[in-house]
$ cat my_file38.txt   # compact mmCIF, C-alpha atoms and all ligand atoms
# COMPACT_ATOMS: atom_id res chain seq x y z
CA MET B 144 0.00 0.00 0.00
CA LYS B 145 1.22 3.47 -0.85
CA ASN B 146 1.95 5.83 2.01
CA THR B 147 -1.24 7.50 3.14
CA GLY B 148 -1.29 11.22 3.83
CA ARG B 149 -3.50 12.68 6.54
CA LEU B 150 -5.97 14.31 4.14
CA LEU B 151 -7.80 11.69 2.07
CA GLY B 152 -10.05 14.15 0.31
CA GLU B 153 -12.13 17.29 0.57
CA TYR B 154 -15.32 18.22 -1.27
CA THR B 155 -17.19 21.45 -0.66
CA GLY B 156 -20.70 22.12 -1.90
CA ASP B 157 -22.11 25.39 -3.16
CA LYS B 158 -24.73 25.46 -0.43
CA ASP B 159 -24.53 25.49 3.35
CA GLY B 160 -24.86 22.24 5.21
CA LYS B 161 -23.09 19.94 7.63
CA LEU B 162 -19.39 19.59 8.04
CA PHE B 163 -18.99 15.83 7.62
CA ILE B 164 -15.67 14.52 8.90
CA ALA B 165 -14.93 10.89 8.05
CA ILE B 166 -11.92 9.12 9.53
CA ALA B 167 -10.50 5.78 8.48
CA GLY B 168 -7.55 3.81 9.77
CA ILE B 169 -7.57 4.85 13.41
CA HIS B 170 -6.67 1.18 13.67
CA GLY B 171 -3.95 0.77 11.07
CA ASN B 172 -4.91 -2.75 9.98
CA GLU B 173 -8.51 -1.67 9.26
CA LYS B 174 -8.08 -0.29 5.79
CA THR B 175 -11.33 -0.74 3.93
CA GLY B 176 -12.59 2.67 5.07
CA LEU B 177 -9.59 4.26 3.35
CA ALA B 178 -10.41 2.59 0.05
CA ALA B 179 -14.10 3.39 0.43
CA LEU B 180 -13.47 7.08 1.06
CA GLU B 181 -11.09 7.20 -1.90
CA SER B 182 -13.86 5.81 -4.07
CA VAL B 183 -16.45 8.30 -2.73
CA PHE B 184 -14.10 11.24 -3.34
CA ASN B 185 -13.27 10.02 -6.85
CA TYR B 186 -16.97 9.92 -7.67
CA LEU B 187 -17.52 13.40 -6.24
CA TYR B 188 -14.53 14.88 -8.10
CA ASP B 189 -15.50 13.26 -11.41
CA ASN B 190 -19.23 14.01 -11.27
CA ARG B 191 -19.45 17.19 -9.16
CA PRO B 192 -22.94 16.45 -7.80
CA GLU B 193 -24.77 19.16 -5.90
CA PHE B 194 -23.67 19.08 -2.28
CA LYS B 195 -24.58 20.92 0.89
CA GLY B 196 -21.75 21.56 3.31
CA LYS B 197 -18.38 19.88 3.22
CA LEU B 198 -16.97 16.36 3.32
CA ILE B 199 -13.47 15.87 4.69
CA GLY B 200 -11.75 12.48 4.74
CA LEU B 201 -8.86 11.93 7.15
CA ALA B 202 -6.53 9.03 7.78
CA GLY B 203 -6.07 7.96 11.39
CA ASN B 204 -2.85 6.29 12.47
CA LEU B 205 -0.50 6.94 9.55
CA LYS B 206 2.40 4.80 10.75
CA ALA B 207 0.20 1.89 11.76
CA ILE B 208 -1.55 2.07 8.36
CA THR B 209 1.82 1.88 6.60
CA ASP B 210 2.86 -1.01 8.85
CA SER B 211 -0.59 -2.70 8.60
CA LYS B 212 -0.77 -2.99 12.36
CA ARG B 213 -3.65 -2.20 14.70
CA TYR B 214 -1.33 0.23 16.49
CA VAL B 215 2.34 0.98 17.07
CA ASP B 216 2.69 1.51 20.84
CA THR B 217 -0.81 1.92 22.23
CA ASP B 218 -4.37 1.68 20.94
CA PHE B 219 -5.11 4.98 19.16
CA ASN B 220 -8.80 4.59 19.89
CA ARG B 221 -8.36 4.49 23.68
CA ILE B 222 -6.36 7.67 24.28
CA TRP B 223 -8.89 10.42 23.47
CA LYS B 224 -9.07 11.35 27.14
CA GLY B 225 -9.07 14.81 28.70
CA ASP B 226 -5.89 14.34 30.73
CA ILE B 227 -3.90 12.92 27.81
CA ILE B 228 -5.13 15.60 25.42
CA ASP B 229 -4.42 18.36 27.94
CA GLY B 230 -0.92 16.97 28.36
CA ILE B 231 -0.36 16.87 24.62
CA ARG B 232 -1.66 20.42 24.24
CA ARG B 233 0.68 21.66 26.96
CA ASN B 234 3.47 19.68 25.36
CA GLY B 235 4.00 18.33 28.85
CA VAL B 236 3.72 14.82 27.50
CA GLU B 237 7.12 13.62 26.36
CA ARG B 238 7.08 13.26 22.63
CA HIS B 239 7.45 9.71 21.48
CA GLU B 240 6.47 8.24 24.81
CA PHE B 241 3.91 6.56 22.59
CA HIS B 242 3.85 7.02 18.85
CA GLU B 243 0.07 7.41 19.02
CA TYR B 244 0.37 10.60 21.07
CA ASP B 245 2.04 12.25 18.08
CA GLU B 246 -0.73 10.97 15.80
CA LEU B 247 -3.35 12.27 18.23
CA LYS B 248 -1.73 15.69 18.31
CA ALA B 249 -1.50 15.86 14.51
CA LEU B 250 -5.06 14.65 13.93
CA LEU B 251 -6.53 16.97 16.57
CA THR B 252 -4.70 19.94 15.06
CA VAL B 253 -6.24 19.18 11.66
CA ILE B 254 -9.75 18.62 13.07
CA GLU B 255 -9.61 21.77 15.16
CA SER B 256 -8.59 23.92 12.23
CA ILE B 257 -11.41 22.46 10.11
CA ALA B 258 -14.00 22.77 12.86
CA GLU B 259 -12.82 26.10 14.22
CA GLU B 260 -15.62 28.35 13.01
CA VAL B 261 -18.35 25.75 12.67
CA ASP B 262 -21.21 25.32 15.13
CA PRO B 263 -20.59 21.90 16.77
CA ALA B 264 -24.25 21.04 16.16
CA ASN B 265 -23.48 21.19 12.44
CA ILE B 266 -20.59 18.75 12.60
CA VAL B 267 -20.93 15.04 11.92
CA PHE B 268 -18.01 12.82 12.86
CA VAL B 269 -17.88 9.31 11.43
CA ASP B 270 -15.15 6.85 12.36
CA LEU B 271 -14.77 3.83 10.07
CA HIS B 272 -13.61 0.51 11.51
CA ASN B 273 -13.67 -3.18 10.68
CA THR B 274 -14.68 -5.93 13.02
CA SER B 275 -12.41 -8.95 13.35
CA SER B 276 -15.44 -11.22 13.69
CA ALA B 277 -16.62 -12.83 10.45
CA GLU B 278 -20.07 -11.25 10.54
CA GLY B 279 -22.32 -8.87 12.40
CA MET B 280 -21.69 -5.23 11.59
CA PHE B 281 -22.85 -2.53 13.92
CA THR B 282 -22.61 1.13 14.71
CA PHE B 283 -21.80 2.84 17.98
CA THR B 284 -23.45 6.10 18.82
CA PHE B 285 -24.74 8.06 21.79
CA GLU B 286 -28.14 9.04 23.10
CA GLY B 287 -29.73 11.84 21.15
CA GLU B 288 -32.29 12.19 18.41
CA ASP B 289 -29.86 13.31 15.70
CA ASN B 290 -27.39 10.54 16.54
CA TYR B 291 -30.07 7.84 16.34
CA ARG B 292 -31.65 9.24 13.19
CA ILE B 293 -28.36 9.46 11.29
CA ALA B 294 -26.96 6.15 12.59
CA SER B 295 -30.24 4.43 11.62
CA ALA B 296 -29.52 5.25 7.98
CA LEU B 297 -26.90 2.49 8.05
CA HIS B 298 -29.63 -0.14 8.63
CA ILE B 299 -27.34 -2.05 10.96
CA PRO B 300 -27.61 -2.60 14.72
CA ILE B 301 -27.00 0.44 16.89
CA ILE B 302 -25.06 0.00 20.11
CA THR B 303 -25.20 2.64 22.82
CA GLY B 304 -23.58 2.91 26.22
CA LEU B 305 -20.03 3.14 24.88
CA ASP B 306 -19.46 6.18 27.07
CA LYS B 307 -20.20 4.20 30.21
CA ALA B 308 -18.23 1.06 29.40
CA LEU B 309 -15.19 2.12 27.39
CA GLN B 310 -13.07 5.23 27.75
CA GLY B 311 -10.89 7.15 25.35
CA THR B 312 -12.54 6.52 21.98
CA ALA B 313 -12.43 9.23 19.31
CA ILE B 314 -16.22 9.30 18.94
CA GLN B 315 -16.74 9.80 22.63
CA TYR B 316 -14.40 12.78 22.63
CA MET B 317 -16.18 14.26 19.60
CA ASN B 318 -19.56 13.56 21.22
CA GLU B 319 -18.46 15.54 24.26
CA ARG B 320 -17.55 18.42 21.95
CA GLY B 321 -21.13 18.40 20.70
CA PHE B 322 -20.59 16.71 17.32
CA CYS B 323 -22.97 14.04 16.09
CA SER B 324 -20.61 11.08 16.47
CA ILE B 325 -20.83 7.62 14.99
CA ALA B 326 -18.45 4.68 14.72
CA PHE B 327 -19.22 2.38 11.84
CA GLU B 328 -17.86 -1.13 12.40
CA GLY B 329 -18.35 -1.93 8.78
CA GLY B 330 -17.58 -5.49 7.94
CA PRO B 331 -14.90 -8.05 8.63
CA LEU B 332 -11.19 -7.46 8.26
CA GLY B 333 -9.72 -8.62 5.00
CA PHE B 334 -12.96 -9.13 3.08
CA GLU B 335 -13.16 -7.45 -0.32
CA LYS B 336 -16.87 -6.87 0.30
CA SER B 337 -16.06 -4.72 3.34
CA ILE B 338 -14.91 -1.90 1.02
CA SER B 339 -18.34 -1.91 -0.67
CA ILE B 340 -20.01 -1.96 2.73
CA HIS B 341 -18.03 1.02 3.98
CA GLU B 342 -18.68 2.90 0.76
CA ALA B 343 -22.40 2.13 0.90
CA GLY B 344 -22.52 3.30 4.50
CA VAL B 345 -20.75 6.58 3.78
CA TRP B 346 -23.22 7.40 0.96
CA LEU B 347 -26.21 6.58 3.16
CA LEU B 348 -24.82 8.76 5.96
CA LEU B 349 -24.14 11.63 3.57
CA GLU B 350 -27.75 11.43 2.43
CA ALA B 351 -29.08 11.19 6.00
CA THR B 352 -27.13 14.29 7.04
CA GLY B 353 -28.57 16.27 4.14
CA CYS B 354 -25.24 16.70 2.36
CA ILE B 355 -26.47 15.06 -0.81
CA GLU B 356 -29.85 14.27 -2.34
CA ARG B 357 -30.79 10.62 -2.68
CA SER B 358 -31.13 11.03 -6.45
CA ASP B 359 -27.53 12.28 -6.63
CA VAL B 360 -26.08 9.26 -4.80
CA PRO B 361 -24.80 6.71 -7.30
CA ASN B 362 -26.65 3.37 -6.89
CA TYR B 363 -28.46 4.44 -3.73
CA GLU B 364 -30.86 1.46 -3.78
CA GLN B 365 -27.99 -0.97 -4.22
CA HIS B 366 -26.12 0.54 -1.27
CA GLU B 367 -29.23 0.38 0.87
CA ALA B 368 -29.98 -3.22 -0.11
CA LEU B 369 -26.41 -4.27 0.68
CA MET B 370 -26.63 -2.76 4.16
CA VAL B 371 -30.07 -4.21 4.88
CA ALA B 372 -29.01 -7.69 3.73
CA SER B 373 -25.83 -7.54 5.80
CA ALA B 374 -27.68 -6.98 9.04
CA GLU B 375 -30.73 -9.19 8.82
CA ASN B 376 -31.72 -10.97 12.01
CA PHE B 377 -29.58 -8.86 14.27
CA PRO B 378 -30.98 -6.82 17.18
CA LYS B 379 -31.81 -3.25 16.17
CA ILE B 380 -30.55 -1.54 19.27
CA SER B 381 -28.55 -2.82 22.18
CA GLU B 382 -26.52 -1.39 24.98
CA LEU B 383 -22.94 -2.13 25.91
CA ILE B 384 -22.90 -3.54 29.44
CA TYR B 385 -19.49 -5.13 29.85
CA VAL B 386 -15.96 -4.89 28.49
CA HIS B 387 -13.43 -7.60 29.31
CA ASN B 388 -10.23 -5.58 29.69
CA ILE B 389 -7.02 -7.52 29.33
CA GLU B 390 -3.30 -7.00 29.62
CA GLU B 391 -0.58 -8.85 27.81
CA SER B 392 0.45 -10.64 31.00
CA ASP B 393 -3.08 -12.15 31.23
CA GLN B 394 -2.31 -14.25 28.12
CA PHE B 395 -6.01 -14.16 27.35
CA LYS B 396 -7.15 -16.54 24.65
CA MET B 397 -10.67 -16.42 23.29
CA ASN B 398 -12.33 -19.75 22.59
CA PRO B 399 -12.76 -20.20 18.84
CA GLY B 400 -15.96 -19.74 16.89
CA TYR B 401 -17.64 -16.74 18.48
CA VAL B 402 -19.23 -14.16 16.20
CA ASN B 403 -20.81 -10.76 16.85
CA PHE B 404 -24.31 -10.90 18.34
CA GLN B 405 -23.99 -14.56 19.32
CA CYS B 406 -26.12 -15.17 22.41
CA ILE B 407 -24.12 -16.13 25.47
CA ALA B 408 -25.23 -17.31 28.89
CA GLU B 409 -24.04 -16.04 32.24
CA GLY B 410 -21.19 -18.29 33.37
CA GLU B 411 -20.42 -19.56 29.89
CA VAL B 412 -16.73 -20.36 29.34
CA LEU B 413 -15.58 -17.85 26.73
CA GLY B 414 -11.84 -18.29 26.91
CA ALA B 415 -8.90 -18.75 29.23
CA ASP B 416 -6.07 -16.73 30.75
CA VAL B 417 -3.25 -17.28 33.24
CA ASN B 418 -5.80 -17.73 36.01
CA GLY B 419 -7.81 -20.38 34.21
CA GLU B 420 -11.19 -20.27 32.55
CA VAL B 421 -12.76 -16.91 31.72
CA LEU B 422 -16.52 -16.98 32.30
CA SER B 423 -19.11 -14.58 30.99
CA PRO B 424 -20.29 -12.34 33.84
CA HIS B 425 -23.62 -11.65 32.09
CA ALA B 426 -26.07 -13.13 29.67
CA GLY B 427 -26.37 -11.15 26.45
CA TYR B 428 -24.73 -10.83 23.05
CA ILE B 429 -21.02 -11.21 22.62
CA MET B 430 -19.34 -8.51 20.56
CA MET B 431 -15.85 -8.12 19.11
CA PRO B 432 -14.36 -11.39 20.36
CA LEU B 433 -10.58 -10.97 20.14
CA TYR B 434 -9.09 -13.07 17.37
CA GLN B 435 -6.10 -10.89 16.56
CA ALA B 436 -2.80 -10.52 18.38
CA GLN B 437 -3.20 -6.86 19.39
CA GLY B 438 -6.04 -5.60 21.53
CA ASP B 439 -6.82 -4.33 25.01
CA GLU B 440 -10.22 -6.02 25.27
CA GLY B 441 -10.98 -9.71 25.07
CA PHE B 442 -14.67 -9.29 24.29
CA PHE B 443 -17.66 -7.03 24.82
CA ILE B 444 -21.19 -7.90 25.97
CA THR B 445 -24.35 -6.03 25.01
CA LYS B 446 -27.96 -6.49 26.00
CA LEU B 447 -31.18 -5.65 24.21
CA VAL B 448 -32.71 -2.27 24.88
CA SER B 449 -36.42 -2.74 25.41
ZN ZN K 1 -11.10 -0.53 14.88
$ encode --input "my_file38.txt" --output "structure tokens" --more "lines below"
Ligand SMILES: [Zn+2]
Amino acid sequence: MKNTGRLLGEYTGDKDGKLFIAIAGIHGNEKTGLAALESVFNYLYDNRPEFKGKLIGLAGNLKAITDSKRYVDTDFNRIWKGDIIDGIRRNGVERHEFHEYDELKALLTVIESIAEEVDPANIVFVDLHNTSSAEGMFTFTFEGEDNYRIASALHIPIITGLDKALQGTAIQYMNERGFCSIAFEGGPLGFEKSISIHEAGVWLLLEATGCIERSDVPNYEQHEALMVASAENFPKISELIYVHNIEESDQFKMNPGYVNFQCIAEGEVLGADVNGEVLSPHAGYIMMPLYQAQGDEGFFITKLVS
């Protein structure tokens, strides 16, 4: 893969509208969002459809993307915390303590200059990821009418409660700044189809935010059908209730065969670590079972929202 620059693309409409910031590759091995955004920008540049507002595409962890690794020193999607960001702003944090602190500083500088004179209520922040599980896409967002309405356009399960169960994600930071914030876990790692899924999702979100008319989206019905078909039989909305945090010294190993939204029972043996069997503390749906070498969480559990 060629070296990725920070700015993936920029398209400004003639009319006022949302500032839509899309980020891909916050995890460097999750690349289909990069390809999808490239494809969306190529279409926009070639066809110049009418557009309201502005779309900006940004790459996340540049070094990890080049190295095809989830991260270099620390998970880039767990460090968007007030104390870390304050430290980086003050330059009190030693540079290169973690490579990701430099990426955070660079990315924040870009986002702040783009967002500087824009009302936060008019900013949509979308973070594109892949899931390592073979199926079961989903989107994370936060409580709020606009968040739900826009996230629903993806036609995939919505998961809330991220703010209570997991700290330091980019979308949570942007949510606190008042942006409509969505993470789109758009299809399994390493599947060609995941690029199409990410691209479909970005078009649907652009339409839902009013940036582009449905009739100006290329193959809108196809994109919608792809998303609907990819998420059949999954719960519409669930809440994150548990995160199994791990450290390297735990030597956690997930039992094979788990997929997103698989029902699990309380007490079910999900894996093992240095202390023996790891049991599920709750009944619910398992999410993001860890089947890659890097990761700070072994698995997540959600429950249905009634
Ligand atoms: Zn990710």
$ atom_distance --input "my_file38.txt" --atom1 "CA of Gly171 (chain B)" --atom2 "CA of Ser211 (chain B)"
5.4 Å
$ closest_atom_pairs --input "my_file38.txt" --of "chain B" --to "ligand ZN 1 (chain K)" --cutoff "8 Å" --atoms "only C-alpha atoms and all ligand atoms" --output "CSV"
residue,atom,partner,partner_atom,distance
B:Gly168,CA,K:ZN1,ZN,7.6
B:Ile169,CA,K:ZN1,ZN,6.6
B:His170,CA,K:ZN1,ZN,4.9
B:Glu173,CA,K:ZN1,ZN,6.3
B:Arg213,CA,K:ZN1,ZN,7.6
B:Asn220,CA,K:ZN1,ZN,7.5
B:Leu271,CA,K:ZN1,ZN,7.5
B:His272,CA,K:ZN1,ZN,4.3
B:Asn273,CA,K:ZN1,ZN,5.6
B:Thr274,CA,K:ZN1,ZN,6.7
B:Glu328,CA,K:ZN1,ZN,7.2
$ residues_around --input "my_file38.txt" --residues "Ile231 (chain B)" --least-positions-apart "3" --cutoff "12 Å" --atoms "all atoms listed in the file" --output "MDAnalysis selection string"
chainID B and resid 222:228 234:241 243:252
$ residues_around --input "my_file38.txt" --residues "region 380-397 of chain B" --least-positions-apart "3" --cutoff "9 Å" --atoms "all atoms listed in the file" --output "PyMOL selection string"
chain B and resi 299-305+307-309+377+400-401+413-418+421+424-425+427-428+432-434+438-449
$ residues_near_point --input "my_file38.txt" --point "(-8.0, 4.2, 6.2)" --cutoff "9 Å" --atoms "all atoms listed in the file" --output "PyMOL selection string"
chain B and resi 147+151+166-180+201-205+208+271-272
$ atom_distance --input "my_file38.txt" --atom1 "CA of Gly160 (chain B)" --atom2 "CA of Thr352 (chain B)"
8.5 Å
$ closest_residue --input "my_file38.txt" --among "B:Cys406, B:Leu422, B:Ala165, B:Leu347" --to "Cys323 (chain B)" --atoms "only C-alpha atoms"
B:Ala165
$ build_atoms --input "my_file38.txt" --residues "region 200-215 of chain B" --atoms "N, CA and C atoms" --output "short mmCIF file (atom, residue, chain, number, x, y, z; two decimals), in the coordinates of the input"
data_model
loop_
_atom_site.label_atom_id
_atom_site.label_comp_id
_atom_site.auth_asym_id
_atom_site.auth_seq_id
_atom_site.Cartn_x
_atom_site.Cartn_y
_atom_site.Cartn_z
N GLY B 200 -12.20 13.83 4.39
CA GLY B 200 -11.75 12.48 4.74
C GLY B 200 -10.36 12.54 5.33
N LEU B 201 -10.17 11.91 6.48
CA LEU B 201 -8.86 11.93 7.15
C LEU B 201 -8.40 10.51 7.46
N ALA B 202 -7.10 10.32 7.38
CA ALA B 202 -6.53 9.03 7.78
C ALA B 202 -6.13 9.09 9.24
N GLY B 203 -6.30 7.99 9.95
CA GLY B 203 -6.07 7.96 11.39
C GLY B 203 -4.61 7.79 11.77
N ASN B 204 -4.20 6.58 11.97
CA ASN B 204 -2.85 6.29 12.47
C ASN B 204 -1.92 6.00 11.29
N LEU B 205 -1.26 7.06 10.81
CA LEU B 205 -0.50 6.94 9.55
C LEU B 205 0.57 5.85 9.60
N LYS B 206 1.32 5.79 10.69
CA LYS B 206 2.40 4.80 10.75
C LYS B 206 1.85 3.39 10.85
N ALA B 207 0.80 3.23 11.63
CA ALA B 207 0.20 1.89 11.76
C ALA B 207 -0.43 1.45 10.44
N ILE B 208 -0.98 2.41 9.68
CA ILE B 208 -1.55 2.07 8.36
C ILE B 208 -0.42 1.57 7.44
N THR B 209 0.68 2.29 7.42
CA THR B 209 1.82 1.88 6.60
C THR B 209 2.33 0.50 7.03
N ASP B 210 2.36 0.27 8.33
CA ASP B 210 2.86 -1.01 8.85
C ASP B 210 1.78 -2.10 8.89
N SER B 211 0.53 -1.75 8.53
CA SER B 211 -0.59 -2.70 8.60
C SER B 211 -0.75 -3.33 9.97
N LYS B 212 -0.59 -2.51 10.99
CA LYS B 212 -0.77 -2.99 12.36
C LYS B 212 -1.93 -2.24 13.01
N ARG B 213 -2.56 -2.88 13.98
CA ARG B 213 -3.65 -2.20 14.70
C ARG B 213 -3.12 -0.89 15.30
N TYR B 214 -1.98 -0.98 15.96
CA TYR B 214 -1.33 0.23 16.49
C TYR B 214 0.16 -0.01 16.61
N VAL B 215 0.89 1.08 16.93
CA VAL B 215 2.34 0.98 17.07
C VAL B 215 2.70 0.72 18.53
#
